[in-house]
$ cat final_32.cif   # mmCIF, C-alpha atoms
data_model
#
loop_
_atom_site.label_atom_id
_atom_site.label_comp_id
_atom_site.auth_asym_id
_atom_site.auth_seq_id
_atom_site.Cartn_x
_atom_site.Cartn_y
_atom_site.Cartn_z
CA MET F 337 61.36 57.55 -5.61
CA LYS F 338 65.15 57.27 -5.62
CA LEU F 339 67.31 59.72 -7.49
CA SER F 340 69.36 58.39 -10.35
CA LEU F 341 72.60 60.33 -10.46
CA SER F 342 74.47 60.30 -13.74
CA SER F 343 76.17 62.76 -16.03
CA SER F 344 74.65 63.41 -19.45
CA PRO F 345 74.79 62.74 -22.26
CA HIS F 346 77.23 59.80 -22.46
CA GLN F 347 77.34 58.36 -18.93
CA ARG F 348 76.60 54.67 -19.33
CA VAL F 349 76.88 53.70 -15.66
CA LYS F 350 73.78 54.83 -13.80
CA ARG F 351 73.63 54.52 -10.03
CA ASP F 352 70.80 55.23 -7.64
CA THR F 353 71.26 57.49 -4.63
CA GLY F 354 72.05 54.66 -2.23
CA GLN F 355 74.85 53.30 -4.41
CA VAL F 356 76.40 56.75 -4.84
CA MET F 357 76.26 57.54 -1.13
CA ARG F 358 77.78 54.19 -0.19
CA LEU F 359 80.68 54.69 -2.59
CA VAL F 360 81.33 58.14 -1.11
CA ILE F 361 81.28 56.64 2.40
CA TYR F 362 83.71 53.90 1.34
CA ALA F 363 86.02 56.55 -0.12
CA MET F 364 86.04 58.38 3.21
CA VAL F 365 87.36 55.35 5.11
CA PRO F 366 91.11 56.03 4.52
CA GLY F 367 90.70 59.61 5.72
CA ILE F 368 88.67 58.64 8.77
CA LEU F 369 91.26 56.02 9.73
CA ALA F 370 94.12 58.51 9.33
CA GLN F 371 92.22 61.13 11.31
CA SER F 372 91.55 58.58 14.07
CA PHE F 373 95.24 57.62 14.15
CA PHE F 374 96.40 61.21 14.65
CA PHE F 375 93.52 62.59 16.73
CA GLY F 376 92.26 59.61 18.66
CA TRP F 377 89.19 57.50 19.29
CA GLY F 378 87.02 60.59 19.50
CA VAL F 379 86.75 60.68 15.71
CA LEU F 380 85.07 57.26 15.62
CA ILE F 381 82.90 57.99 18.67
CA GLN F 382 81.70 61.27 17.16
CA SER F 383 80.97 59.43 13.90
CA LEU F 384 78.75 56.97 15.75
CA ILE F 385 76.94 59.76 17.62
CA ALA F 386 76.44 61.87 14.49
CA VAL F 387 75.28 59.03 12.24
CA THR F 388 72.88 57.65 14.86
CA SER F 389 71.43 61.11 15.50
CA ALA F 390 71.07 61.78 11.77
CA LEU F 391 69.14 58.55 11.21
CA ILE F 392 66.87 59.20 14.20
CA PHE F 393 66.10 62.80 13.23
CA GLU F 394 65.55 61.85 9.59
CA GLY F 395 63.24 58.97 10.53
CA VAL F 396 61.16 61.03 12.97
CA ILE F 397 60.74 63.95 10.55
CA LEU F 398 59.83 61.64 7.67
CA ALA F 399 57.22 59.94 9.84
CA LEU F 400 55.76 63.32 10.83
CA ARG F 401 55.60 64.28 7.15
CA ASN F 402 53.97 60.95 6.24
CA LYS F 403 56.87 60.11 3.96
CA PRO F 404 58.33 56.61 3.45
CA VAL F 405 60.83 56.15 6.26
CA GLU F 406 62.69 52.92 5.46
CA ARG F 407 63.16 53.65 1.77
CA THR F 408 64.55 57.12 2.46
CA LEU F 409 66.85 56.06 5.29
CA THR F 410 68.41 53.40 3.09
CA ASP F 411 69.59 56.00 0.58
CA TYR F 412 72.46 56.65 3.06
CA SER F 413 72.30 60.42 2.62
CA ALA F 414 71.71 60.91 6.35
CA VAL F 415 74.64 58.60 7.14
CA LEU F 416 76.93 60.60 4.88
CA THR F 417 75.79 63.89 6.41
CA GLY F 418 76.54 62.54 9.88
CA LEU F 419 80.02 61.40 8.86
CA LEU F 420 80.86 64.75 7.25
CA ILE F 421 79.85 66.54 10.45
CA ALA F 422 81.84 64.10 12.60
CA ILE F 423 85.12 64.62 10.71
CA SER F 424 84.67 68.40 10.71
CA ILE F 425 84.33 68.90 14.47
CA PRO F 426 86.89 68.46 17.28
CA PRO F 427 86.93 64.79 18.36
CA THR F 428 86.28 65.74 21.99
CA LEU F 429 83.34 68.08 21.35
CA PRO F 430 80.55 67.53 23.92
CA TRP F 431 78.00 65.03 22.65
CA TRP F 432 75.07 67.40 22.90
CA MET F 433 76.75 69.90 20.59
CA THR F 434 77.23 67.16 18.02
CA VAL F 435 73.57 66.17 18.29
CA THR F 436 72.50 69.82 18.00
CA SER F 437 74.53 70.28 14.83
CA VAL F 438 73.06 67.13 13.30
CA PHE F 439 69.56 68.40 14.09
CA PHE F 440 70.23 71.61 12.19
CA ALA F 441 71.68 69.66 9.27
CA ILE F 442 68.77 67.24 8.94
CA ALA F 443 65.77 69.22 10.16
CA VAL F 444 66.63 72.75 9.06
CA ALA F 445 69.09 72.54 6.15
CA LYS F 446 67.57 69.45 4.54
CA GLN F 447 64.00 68.52 5.52
CA ILE F 448 62.61 72.03 5.85
CA TYR F 449 63.30 72.48 2.13
CA GLY F 450 61.58 69.21 1.25
CA GLY F 451 64.29 66.62 1.77
CA LEU F 452 67.06 65.26 -0.43
CA GLY F 453 67.08 66.90 -3.83
CA PHE F 454 65.50 70.16 -2.68
CA ASN F 455 67.98 71.62 -0.17
CA ILE F 456 69.84 74.65 -1.48
CA PHE F 457 72.63 74.55 1.13
CA ASN F 458 75.02 71.77 2.03
CA PRO F 459 73.52 70.36 5.28
CA ALA F 460 76.84 69.37 6.86
CA MET F 461 78.31 72.82 6.31
CA ILE F 462 75.24 74.52 7.76
CA ALA F 463 75.69 72.36 10.85
CA TYR F 464 79.38 73.26 11.09
CA VAL F 465 78.73 76.99 10.78
CA VAL F 466 75.99 76.84 13.43
CA LEU F 467 78.45 75.24 15.85
CA LEU F 468 81.30 77.59 14.94
CA ILE F 469 79.20 80.71 15.49
CA SER F 470 77.42 79.41 18.60
CA PHE F 471 80.34 77.70 20.34
CA PRO F 472 83.59 79.18 18.94
CA ALA F 473 85.68 78.25 21.98
CA ALA F 474 84.62 74.61 21.97
CA MET F 475 85.15 74.36 18.21
CA SER F 476 88.77 75.47 18.61
CA LEU F 477 89.65 72.75 21.14
CA TRP F 478 91.41 70.32 18.82
CA LEU F 479 93.85 68.01 20.55
CA PRO F 480 97.44 67.89 19.28
CA PRO F 481 98.13 64.89 17.03
CA ALA F 482 99.27 61.73 18.77
CA THR F 483 102.81 62.27 17.43
CA HIS F 484 103.07 65.52 19.44
CA ALA F 485 100.79 64.94 22.42
CA GLU F 486 102.15 64.60 25.93
CA VAL F 487 99.10 62.54 26.97
CA VAL F 488 97.28 60.40 24.39
CA PRO F 489 93.68 59.67 25.46
CA THR F 490 92.54 56.05 25.43
CA PHE F 491 89.17 54.93 24.07
CA PHE F 492 87.56 55.31 27.50
CA ASP F 493 89.26 58.68 28.00
CA ALA F 494 87.79 59.93 24.72
CA LEU F 495 84.37 58.55 25.62
CA SER F 496 84.51 60.22 29.02
CA LEU F 497 85.68 63.53 27.51
CA ILE F 498 82.76 63.62 25.10
CA PHE F 499 80.13 62.82 27.73
CA THR F 500 81.57 64.40 30.89
CA GLY F 501 84.29 66.84 29.79
CA PHE F 502 87.04 64.96 31.63
CA THR F 503 89.15 61.88 31.03
CA THR F 504 89.07 58.95 33.42
CA SER F 505 92.19 60.47 35.02
CA GLY F 506 90.60 63.88 35.46
CA TYR F 507 92.17 65.79 32.56
CA ASP F 508 90.05 68.27 30.62
CA VAL F 509 90.55 69.17 26.97
CA THR F 510 92.59 72.30 27.72
CA GLN F 511 95.08 70.29 29.75
CA LEU F 512 95.36 67.67 27.00
CA LYS F 513 96.30 70.38 24.48
CA THR F 514 99.63 70.78 26.25
CA VAL F 515 102.62 69.30 24.44
CA ALA F 516 106.31 69.15 25.32
CA ASP F 517 107.75 71.87 27.57
CA GLY F 518 104.27 72.87 28.73
CA VAL F 519 103.38 74.61 25.47
CA THR F 520 99.71 74.61 24.49
CA MET F 521 99.24 73.51 20.89
CA ALA F 522 96.55 74.75 18.49
CA THR F 523 95.74 73.67 14.95
CA PRO F 524 98.20 74.87 12.25
CA LEU F 525 95.67 77.39 10.91
CA ASP F 526 94.92 78.73 14.40
CA THR F 527 98.63 78.93 15.22
CA LEU F 528 99.50 80.88 12.10
CA LYS F 529 96.61 83.34 12.44
CA THR F 530 97.49 83.99 16.11
CA ASP F 531 101.18 84.43 15.33
CA LEU F 532 100.52 86.88 12.52
CA THR F 533 98.31 89.04 14.76
CA GLN F 534 101.19 89.17 17.26
CA GLY F 535 103.72 90.36 14.70
CA VAL F 536 105.34 86.97 14.08
CA THR F 537 106.16 86.36 10.40
CA TYR F 538 105.03 83.31 8.47
CA SER F 539 108.57 81.88 8.33
CA GLU F 540 109.06 82.41 12.06
CA SER F 541 105.77 80.68 12.79
CA LEU F 542 106.86 77.64 10.79
CA ASN F 543 110.08 77.44 12.82
CA SER F 544 108.18 77.21 16.10
CA PRO F 545 109.65 74.61 18.49
CA ILE F 546 106.26 72.88 18.53
CA PHE F 547 106.57 71.91 14.86
CA GLU F 548 110.32 71.62 14.50
CA GLY F 549 111.29 68.69 12.30
CA SER F 550 107.69 67.95 11.24
CA PHE F 551 107.79 69.70 7.82
CA PHE F 552 104.98 71.89 9.10
CA ASP F 553 104.73 73.87 5.87
CA ALA F 554 103.44 70.92 3.83
CA VAL F 555 102.44 68.19 6.26
CA GLY F 556 101.05 70.35 9.04
CA ALA F 557 101.91 68.13 12.00
CA GLY F 558 99.54 65.33 11.07
CA TRP F 559 96.95 67.33 9.14
CA GLY F 560 98.77 66.84 5.86
CA TRP F 561 98.68 63.06 6.16
CA VAL F 562 94.96 63.21 6.88
CA SER F 563 94.45 65.38 3.79
CA PHE F 564 96.50 62.94 1.72
CA ALA F 565 94.30 60.04 2.88
CA TYR F 566 91.16 61.93 1.86
CA LEU F 567 92.85 62.77 -1.45
CA LEU F 568 93.22 59.05 -2.18
CA GLY F 569 89.52 58.54 -1.49
CA GLY F 570 88.62 61.53 -3.64
CA LEU F 571 90.65 60.25 -6.58
CA PHE F 572 88.82 56.94 -6.23
CA LEU F 573 85.52 58.79 -6.62
CA VAL F 574 86.78 60.54 -9.75
CA LYS F 575 88.14 57.28 -11.16
CA THR F 576 84.82 55.48 -10.63
CA ARG F 577 82.90 58.48 -12.04
CA VAL F 578 80.94 59.02 -8.87
CA ILE F 579 82.01 62.66 -9.13
CA SER F 580 83.54 64.62 -11.98
CA TRP F 581 86.92 66.33 -11.80
CA HIS F 582 85.52 69.80 -12.44
CA ILE F 583 84.75 70.97 -8.89
CA PRO F 584 87.66 69.41 -6.96
CA GLY F 585 90.14 70.21 -9.72
CA SER F 586 89.15 73.85 -10.10
CA MET F 587 88.87 74.33 -6.33
CA ILE F 588 92.35 72.96 -5.61
CA VAL F 589 93.92 74.91 -8.49
CA SER F 590 92.16 78.08 -7.34
CA VAL F 591 93.42 77.71 -3.75
CA PHE F 592 96.94 77.08 -5.03
CA VAL F 593 96.99 80.01 -7.48
CA CYS F 594 95.38 82.53 -5.11
CA ALA F 595 97.67 81.53 -2.24
CA LEU F 596 100.73 81.60 -4.52
CA LEU F 597 99.99 85.11 -5.76
CA MET F 598 99.57 86.42 -2.23
CA HIS F 599 102.68 84.56 -1.03
CA LEU F 600 104.72 86.09 -3.85
CA ILE F 601 103.49 89.54 -2.85
CA ASN F 602 104.54 89.11 0.79
CA ALA F 603 106.07 85.81 1.85
CA ASP F 604 106.43 87.01 5.45
CA TYR F 605 102.72 87.51 5.92
CA TYR F 606 100.83 85.27 3.49
CA ALA F 607 101.00 81.48 3.83
CA SER F 608 102.34 79.30 1.04
CA PRO F 609 100.07 77.32 -1.30
CA LEU F 610 101.13 74.02 0.29
CA PHE F 611 100.20 75.32 3.71
CA HIS F 612 96.69 76.15 2.51
CA LEU F 613 96.21 72.90 0.62
CA PHE F 614 97.39 70.48 3.29
CA ASN F 615 95.98 72.15 6.39
CA GLY F 616 92.34 72.34 7.31
CA ALA F 617 89.54 70.97 5.16
CA VAL F 618 90.54 71.98 1.62
CA ILE F 619 91.04 68.44 0.31
CA VAL F 620 88.07 66.87 2.05
CA GLY F 621 86.00 69.88 1.03
CA ALA F 622 87.04 69.63 -2.61
CA PHE F 623 86.12 65.96 -3.04
CA PHE F 624 83.45 65.24 -0.43
CA ILE F 625 81.68 68.50 0.42
CA ALA F 626 81.66 70.90 -2.53
CA THR F 627 80.70 68.03 -4.88
CA ASP F 628 77.31 67.54 -3.22
CA PRO F 629 75.10 66.86 -6.29
CA VAL F 630 72.13 68.77 -4.86
CA SER F 631 73.63 72.06 -3.69
CA ALA F 632 76.47 72.35 -6.24
CA SER F 633 76.37 73.62 -9.80
CA THR F 634 75.14 71.10 -12.36
CA THR F 635 76.71 72.27 -15.63
CA PRO F 636 80.32 71.46 -16.62
CA LYS F 637 81.33 75.12 -16.96
CA GLY F 638 79.32 75.99 -13.88
CA ARG F 639 81.16 73.38 -11.81
CA ILE F 640 84.51 74.86 -12.77
CA ILE F 641 83.32 78.35 -11.81
CA PHE F 642 81.72 77.01 -8.62
CA GLY F 643 84.88 75.20 -7.49
CA ALA F 644 87.21 78.05 -8.43
CA ALA F 645 85.09 80.57 -6.54
CA ILE F 646 85.10 78.37 -3.44
CA GLY F 647 88.89 78.18 -3.60
CA PHE F 648 89.12 81.96 -3.92
CA TRP F 649 86.88 82.55 -0.91
CA ILE F 650 88.81 80.02 1.19
CA VAL F 651 92.07 81.92 0.75
CA ILE F 652 90.43 85.33 1.24
CA ILE F 653 88.51 84.37 4.39
CA ARG F 654 91.46 82.50 5.90
CA THR F 655 93.73 85.49 5.30
CA PHE F 656 91.47 88.42 6.15
CA GLY F 657 88.54 86.87 8.02
CA ALA F 658 88.07 86.06 11.69
CA TYR F 659 87.93 82.28 11.27
CA PRO F 660 91.06 80.24 10.49
CA ASP F 661 89.37 77.63 8.29
CA ALA F 662 86.91 78.93 5.73
CA VAL F 663 85.72 75.92 3.74
CA ALA F 664 82.22 75.86 5.24
CA PHE F 665 81.67 79.60 4.70
CA ALA F 666 83.03 79.44 1.15
CA VAL F 667 80.76 76.51 0.24
CA ILE F 668 77.65 78.18 1.68
CA ILE F 669 78.40 81.46 -0.09
CA MET F 670 78.68 79.67 -3.41
CA ASN F 671 75.60 77.52 -2.73
CA MET F 672 73.65 80.79 -2.86
CA ALA F 673 75.20 81.60 -6.25
CA VAL F 674 74.42 78.22 -7.88
CA PRO F 675 71.14 79.29 -9.59
CA LEU F 676 72.89 82.26 -11.17
CA ILE F 677 75.89 80.19 -12.26
CA ASP F 678 73.71 77.47 -13.78
CA TYR F 679 71.56 80.04 -15.58
CA TYR F 680 74.52 81.59 -17.40
CA THR F 681 76.38 78.32 -18.08
CA ARG F 682 73.56 76.18 -19.45
CA PRO F 683 74.66 74.27 -22.57
CA ARG F 684 73.12 75.58 -25.78
CA VAL F 685 70.22 73.48 -26.99
CA TYR F 686 71.04 71.63 -30.21
CA GLY F 687 69.57 73.47 -33.17
CA LYS F 688 69.56 76.86 -31.44
CA THR F 689 71.84 79.82 -32.02
CA VAL F 690 73.48 81.76 -29.23
CA LYS F 691 70.49 84.12 -29.15
CA GLY F 692 68.09 81.20 -28.90
CA LYS F 693 66.77 81.38 -32.50
CA ALA F 694 66.26 78.15 -34.43
CA ARG F 695 68.73 77.38 -37.15
CA GLY F 696 67.39 77.03 -40.66
CA ARG F 697 68.15 77.50 -44.28
CA SER F 698 67.71 80.93 -45.71
#
$ encode --input "final_32.cif" --output "structure tokens"
Amino acid sequence: MKLSLSSSPHQRVKRDTGQVMRLVIYAMVPGILAQSFFFGWGVLIQSLIAVTSALIFEGVILALRNKPVERTLTDYSAVLTGLLIAISIPPTLPWWMTVTSVFFAIAVAKQIYGGLGFNIFNPAMIAYVVLLISFPAAMSLWLPPATHAEVVPTFFDALSLIFTGFTTSGYDVTQLKTVADGVTMATPLDTLKTDLTQGVTYSESLNSPIFEGSFFDAVGAGWGWVSFAYLLGGLFLVKTRVISWHIPGSMIVSVFVCALLMHLINADYYASPLFHLFNGAVIVGAFFIATDPVSASTTPKGRIIFGAAIGFWIVIIRTFGAYPDAVAFAVIIMNMAVPLIDYYTRPRVYGKTVKGKARGRS
């Protein structure tokens, strides 16, 4: 039986699961194209690997559980999970790591709980965290954007990197991370965290020769444009009422406010709000990850609390934690708090007082 996802009590447009998932996938297209432009063919290749693996794992597990395979696969939830994993990992990650992460997402985070509608954690974020904890070095090997790269891999280079670890010319990922003047480039979040641990101030880090002239603070050497593309897709989802504004709105405002307060306290050490918003996965997380209808809060007030808490944890973990990007950890932490949030934010039943007693004439 397909889920019918709609918001009560006045949502007139009801869509089944397949329709909702397809609209979310369509909304991701601008972001995926922008990400492919800046970070190469690997994004599309990883998407194909992840989606194919997700469908295979989902189909096999459903068959073993004697559940309807075709009907479930056509709800596109496995496809969406695969795409979310693909855009979260480095484009040159070895293929077997991608497949392993998809297995954890589908088999462990989703099907072990009973399938779609029963999982308490966001499957894609579980997969990301498994990879990040198990293979931290590989997960940090993001190539510089094409606008900064000394060598831009071709389609066959990207394919060869994913399956062999080397391009057709013999370059490995570490060598491809080198930009002008032989400087090795990391992601903006990695660069800032490393610089701060070495006594470099936030302002000095932004003036690095690597990012000179790229408006690093807001655009993040390519990352900002990717975030903007996902923002367009996210606004489309809000406009078409596929998702409500509560989670993405509160999450973005929370990141901005928390980062602003810390930046005002010490601008030399704490990154600006724009830096946090336009680098990493804040935007894609706000519209495409945290809004998962199964693992997120379901009440209007609860969604605001849920999104705001995720934003708070993102800034805290990025600033004081060991990992530069914290969206996955923040989402999983708040997934665990959803039952408590929903319990205390349930709308009052019509005809009942705050204490639950029926209204009546005295």
$ atom_distance --input "final_32.cif" --atom1 "CA of Trp377 (chain F)" --atom2 "CA of Ile498 (chain F)"
10.6 Å
$ atom_distance --input "final_32.cif" --atom1 "CA of Gly354 (chain F)" --atom2 "CA of Thr410 (chain F)"
6.6 Å
$ resolve_selection --input "final_32.cif" --expression "the PyMOL selection byres ((chain F and resi 449-464) around 6)" --output "PyMOL selection string"
chain F and resi 417+421+437+440-441+445-448+465-467+630-631+664+671
$ residues_around --input "final_32.cif" --residues "region 567-579 of chain F" --least-positions-apart "2" --cutoff "6 Å" --atoms "all atoms listed in the file" --output "count of residues only"
5
$ closest_residue --input "final_32.cif" --among "F:Trp431, F:Ile640, F:Ile646, F:Ala422" --to "Ser372 (chain F)" --atoms "only C-alpha atoms"
F:Ala422
$ atom_distance --input "final_32.cif" --atom1 "CA of Pro660 (chain F)" --atom2 "CA of Leu528 (chain F)"
8.6 Å
$ resolve_selection --input "final_32.cif" --expression "the PyMOL selection byres ((chain F and resi 599) around 12)" --output "ChimeraX atom specification"
/F:538-539,591-598,600-612,651,655
$ write_last_selection --input "final_32.cif" --atoms "C-alpha atoms" --output "CSV table (one decimal), keeping the file's coordinate frame"
chain,number,residue,atom,x,y,z
F,538,TYR,CA,105.0,83.3,8.5
F,539,SER,CA,108.6,81.9,8.3
F,591,VAL,CA,93.4,77.7,-3.8
F,592,PHE,CA,96.9,77.1,-5.0
F,593,VAL,CA,97.0,80.0,-7.5
F,594,CYS,CA,95.4,82.5,-5.1
F,595,ALA,CA,97.7,81.5,-2.2
F,596,LEU,CA,100.7,81.6,-4.5
F,597,LEU,CA,100.0,85.1,-5.8
F,598,MET,CA,99.6,86.4,-2.2
F,600,LEU,CA,104.7,86.1,-3.8
F,601,ILE,CA,103.5,89.5,-2.8
F,602,ASN,CA,104.5,89.1,0.8
F,603,ALA,CA,106.1,85.8,1.8
F,604,ASP,CA,106.4,87.0,5.4
F,605,TYR,CA,102.7,87.5,5.9
F,606,TYR,CA,100.8,85.3,3.5
F,607,ALA,CA,101.0,81.5,3.8
F,608,SER,CA,102.3,79.3,1.0
F,609,PRO,CA,100.1,77.3,-1.3
F,610,LEU,CA,101.1,74.0,0.3
F,611,PHE,CA,100.2,75.3,3.7
F,612,HIS,CA,96.7,76.2,2.5
F,651,VAL,CA,92.1,81.9,0.8
F,655,THR,CA,93.7,85.5,5.3
$ closest_residue --input "final_32.cif" --among "F:Arg639, F:Lys513, F:Arg682, F:Arg358" --to "Leu479 (chain F)" --atoms "only C-alpha atoms"
F:Lys513
$ closest_residue --input "final_32.cif" --among "F:Gly560, F:Gly647, F:Pro675, F:Gly418" --to "Glu394 (chain F)" --atoms "all atoms listed in the file"
F:Gly418
$ closest_residue --input "final_32.cif" --among "F:Asp628, F:Pro636, F:Lys529, F:Ala485" --to "Gly657 (chain F)" --atoms "all atoms listed in the file"
F:Lys529
$ axis_aligned_box --input "final_32.cif" --around "region 408-421 of chain F" --padding-each-side "3 Å" --output "JSON"
{"center_x": 72.7, "center_y": 60.0, "center_z": 5.5, "size_x": 22.3, "size_y": 19.1, "size_z": 15.9}
$ resolve_selection --input "final_32.cif" --expression "the PyMOL selection byres ((chain F and resi 497) around 12)" --output "PDB file with C-alpha atoms, in the frame of the given file"
ATOM      1  CA  GLY F 376      92.260  59.610  18.660  1.00  0.00           C
ATOM      2  CA  TRP F 377      89.190  57.500  19.290  1.00  0.00           C
ATOM      3  CA  GLY F 378      87.020  60.590  19.500  1.00  0.00           C
ATOM      4  CA  ILE F 381      82.900  57.990  18.670  1.00  0.00           C
ATOM      5  CA  GLN F 382      81.700  61.270  17.160  1.00  0.00           C
ATOM      6  CA  PRO F 426      86.890  68.460  17.280  1.00  0.00           C
ATOM      7  CA  PRO F 427      86.930  64.790  18.360  1.00  0.00           C
ATOM      8  CA  THR F 428      86.280  65.740  21.990  1.00  0.00           C
ATOM      9  CA  LEU F 429      83.340  68.080  21.350  1.00  0.00           C
ATOM     10  CA  PRO F 430      80.550  67.530  23.920  1.00  0.00           C
ATOM     11  CA  TRP F 431      78.000  65.030  22.650  1.00  0.00           C
ATOM     12  CA  LEU F 477      89.650  72.750  21.140  1.00  0.00           C
ATOM     13  CA  LEU F 479      93.850  68.010  20.550  1.00  0.00           C
ATOM     14  CA  PRO F 489      93.680  59.670  25.460  1.00  0.00           C
ATOM     15  CA  THR F 490      92.540  56.050  25.430  1.00  0.00           C
ATOM     16  CA  PHE F 491      89.170  54.930  24.070  1.00  0.00           C
ATOM     17  CA  PHE F 492      87.560  55.310  27.500  1.00  0.00           C
ATOM     18  CA  ASP F 493      89.260  58.680  28.000  1.00  0.00           C
ATOM     19  CA  ALA F 494      87.790  59.930  24.720  1.00  0.00           C
ATOM     20  CA  LEU F 495      84.370  58.550  25.620  1.00  0.00           C
ATOM     21  CA  SER F 496      84.510  60.220  29.020  1.00  0.00           C
ATOM     22  CA  ILE F 498      82.760  63.620  25.100  1.00  0.00           C
ATOM     23  CA  PHE F 499      80.130  62.820  27.730  1.00  0.00           C
ATOM     24  CA  THR F 500      81.570  64.400  30.890  1.00  0.00           C
ATOM     25  CA  GLY F 501      84.290  66.840  29.790  1.00  0.00           C
ATOM     26  CA  PHE F 502      87.040  64.960  31.630  1.00  0.00           C
ATOM     27  CA  THR F 503      89.150  61.880  31.030  1.00  0.00           C
ATOM     28  CA  THR F 504      89.070  58.950  33.420  1.00  0.00           C
ATOM     29  CA  SER F 505      92.190  60.470  35.020  1.00  0.00           C
ATOM     30  CA  GLY F 506      90.600  63.880  35.460  1.00  0.00           C
ATOM     31  CA  TYR F 507      92.170  65.790  32.560  1.00  0.00           C
ATOM     32  CA  ASP F 508      90.050  68.270  30.620  1.00  0.00           C
ATOM     33  CA  VAL F 509      90.550  69.170  26.970  1.00  0.00           C
ATOM     34  CA  THR F 510      92.590  72.300  27.720  1.00  0.00           C
ATOM     35  CA  GLN F 511      95.080  70.290  29.750  1.00  0.00           C
ATOM     36  CA  LEU F 512      95.360  67.670  27.000  1.00  0.00           C
TER      37      LEU F 512
END
$ closest_residue --input "final_32.cif" --among "F:Thr388, F:Ser590, F:Asn615, F:Ser580" --to "Thr635 (chain F)" --atoms "all atoms listed in the file"
F:Ser580
$ residues_around --input "final_32.cif" --residues "Trp649 (chain F)" --least-positions-apart "4" --cutoff "10 Å" --atoms "all atoms listed in the file" --output "number ranges by chain"
F: 590-591, 594, 644-645, 653-655, 662-663, 665-667, 669-670
$ decode --input "final_32.cif" --residues "region 667-681 of chain F" --atoms "N, CA and C atoms" --output "PDB file, in the first residue's frame"
ATOM      1  N   VAL F 667      21.370  15.887  11.916  1.00  0.00           N
ATOM      2  CA  VAL F 667      20.097  15.271  11.529  1.00  0.00           C
ATOM      3  C   VAL F 667      19.848  14.001  12.320  1.00  0.00           C
ATOM      4  N   ILE F 668      20.863  13.152  12.472  1.00  0.00           N
ATOM      5  CA  ILE F 668      20.697  11.893  13.199  1.00  0.00           C
ATOM      6  C   ILE F 668      20.406  12.146  14.675  1.00  0.00           C
ATOM      7  N   ILE F 669      21.096  13.114  15.266  1.00  0.00           N
ATOM      8  CA  ILE F 669      20.824  13.456  16.666  1.00  0.00           C
ATOM      9  C   ILE F 669      19.365  13.850  16.848  1.00  0.00           C
ATOM     10  N   MET F 670      18.865  14.682  15.948  1.00  0.00           N
ATOM     11  CA  MET F 670      17.488  15.141  16.084  1.00  0.00           C
ATOM     12  C   MET F 670      16.470  14.086  15.656  1.00  0.00           C
ATOM     13  N   ASN F 671      16.853  13.143  14.800  1.00  0.00           N
ATOM     14  CA  ASN F 671      15.968  12.016  14.502  1.00  0.00           C
ATOM     15  C   ASN F 671      15.612  11.264  15.787  1.00  0.00           C
ATOM     16  N   MET F 672      16.597  11.132  16.677  1.00  0.00           N
ATOM     17  CA  MET F 672      16.357  10.437  17.939  1.00  0.00           C
ATOM     18  C   MET F 672      15.400  11.214  18.845  1.00  0.00           C
ATOM     19  N   ALA F 673      15.344  12.526  18.661  1.00  0.00           N
ATOM     20  CA  ALA F 673      14.502  13.363  19.526  1.00  0.00           C
ATOM     21  C   ALA F 673      13.098  13.561  18.977  1.00  0.00           C
ATOM     22  N   VAL F 674      12.815  13.068  17.770  1.00  0.00           N
ATOM     23  CA  VAL F 674      11.512  13.297  17.130  1.00  0.00           C
ATOM     24  C   VAL F 674      10.331  12.816  17.977  1.00  0.00           C
ATOM     25  N   PRO F 675      10.354  11.584  18.547  1.00  0.00           N
ATOM     26  CA  PRO F 675       9.195  11.162  19.358  1.00  0.00           C
ATOM     27  C   PRO F 675       8.903  12.115  20.512  1.00  0.00           C
ATOM     28  N   LEU F 676       9.956  12.605  21.154  1.00  0.00           N
ATOM     29  CA  LEU F 676       9.767  13.530  22.274  1.00  0.00           C
ATOM     30  C   LEU F 676       9.206  14.864  21.787  1.00  0.00           C
ATOM     31  N   ILE F 677       9.740  15.362  20.683  1.00  0.00           N
ATOM     32  CA  ILE F 677       9.255  16.633  20.131  1.00  0.00           C
ATOM     33  C   ILE F 677       7.795  16.523  19.732  1.00  0.00           C
ATOM     34  N   ASP F 678       7.439  15.455  19.027  1.00  0.00           N
ATOM     35  CA  ASP F 678       6.052  15.284  18.595  1.00  0.00           C
ATOM     36  C   ASP F 678       5.102  15.129  19.771  1.00  0.00           C
ATOM     37  N   TYR F 679       5.567  14.458  20.819  1.00  0.00           N
ATOM     38  CA  TYR F 679       4.709  14.246  21.991  1.00  0.00           C
ATOM     39  C   TYR F 679       4.315  15.576  22.637  1.00  0.00           C
ATOM     40  N   TYR F 680       5.259  16.487  22.752  1.00  0.00           N
ATOM     41  CA  TYR F 680       4.999  17.752  23.443  1.00  0.00           C
ATOM     42  C   TYR F 680       4.493  18.861  22.515  1.00  0.00           C
ATOM     43  N   THR F 681       4.391  18.586  21.220  1.00  0.00           N
ATOM     44  CA  THR F 681       3.899  19.621  20.298  1.00  0.00           C
ATOM     45  C   THR F 681       2.645  19.168  19.542  1.00  0.00           C
TER      46      THR F 681
END
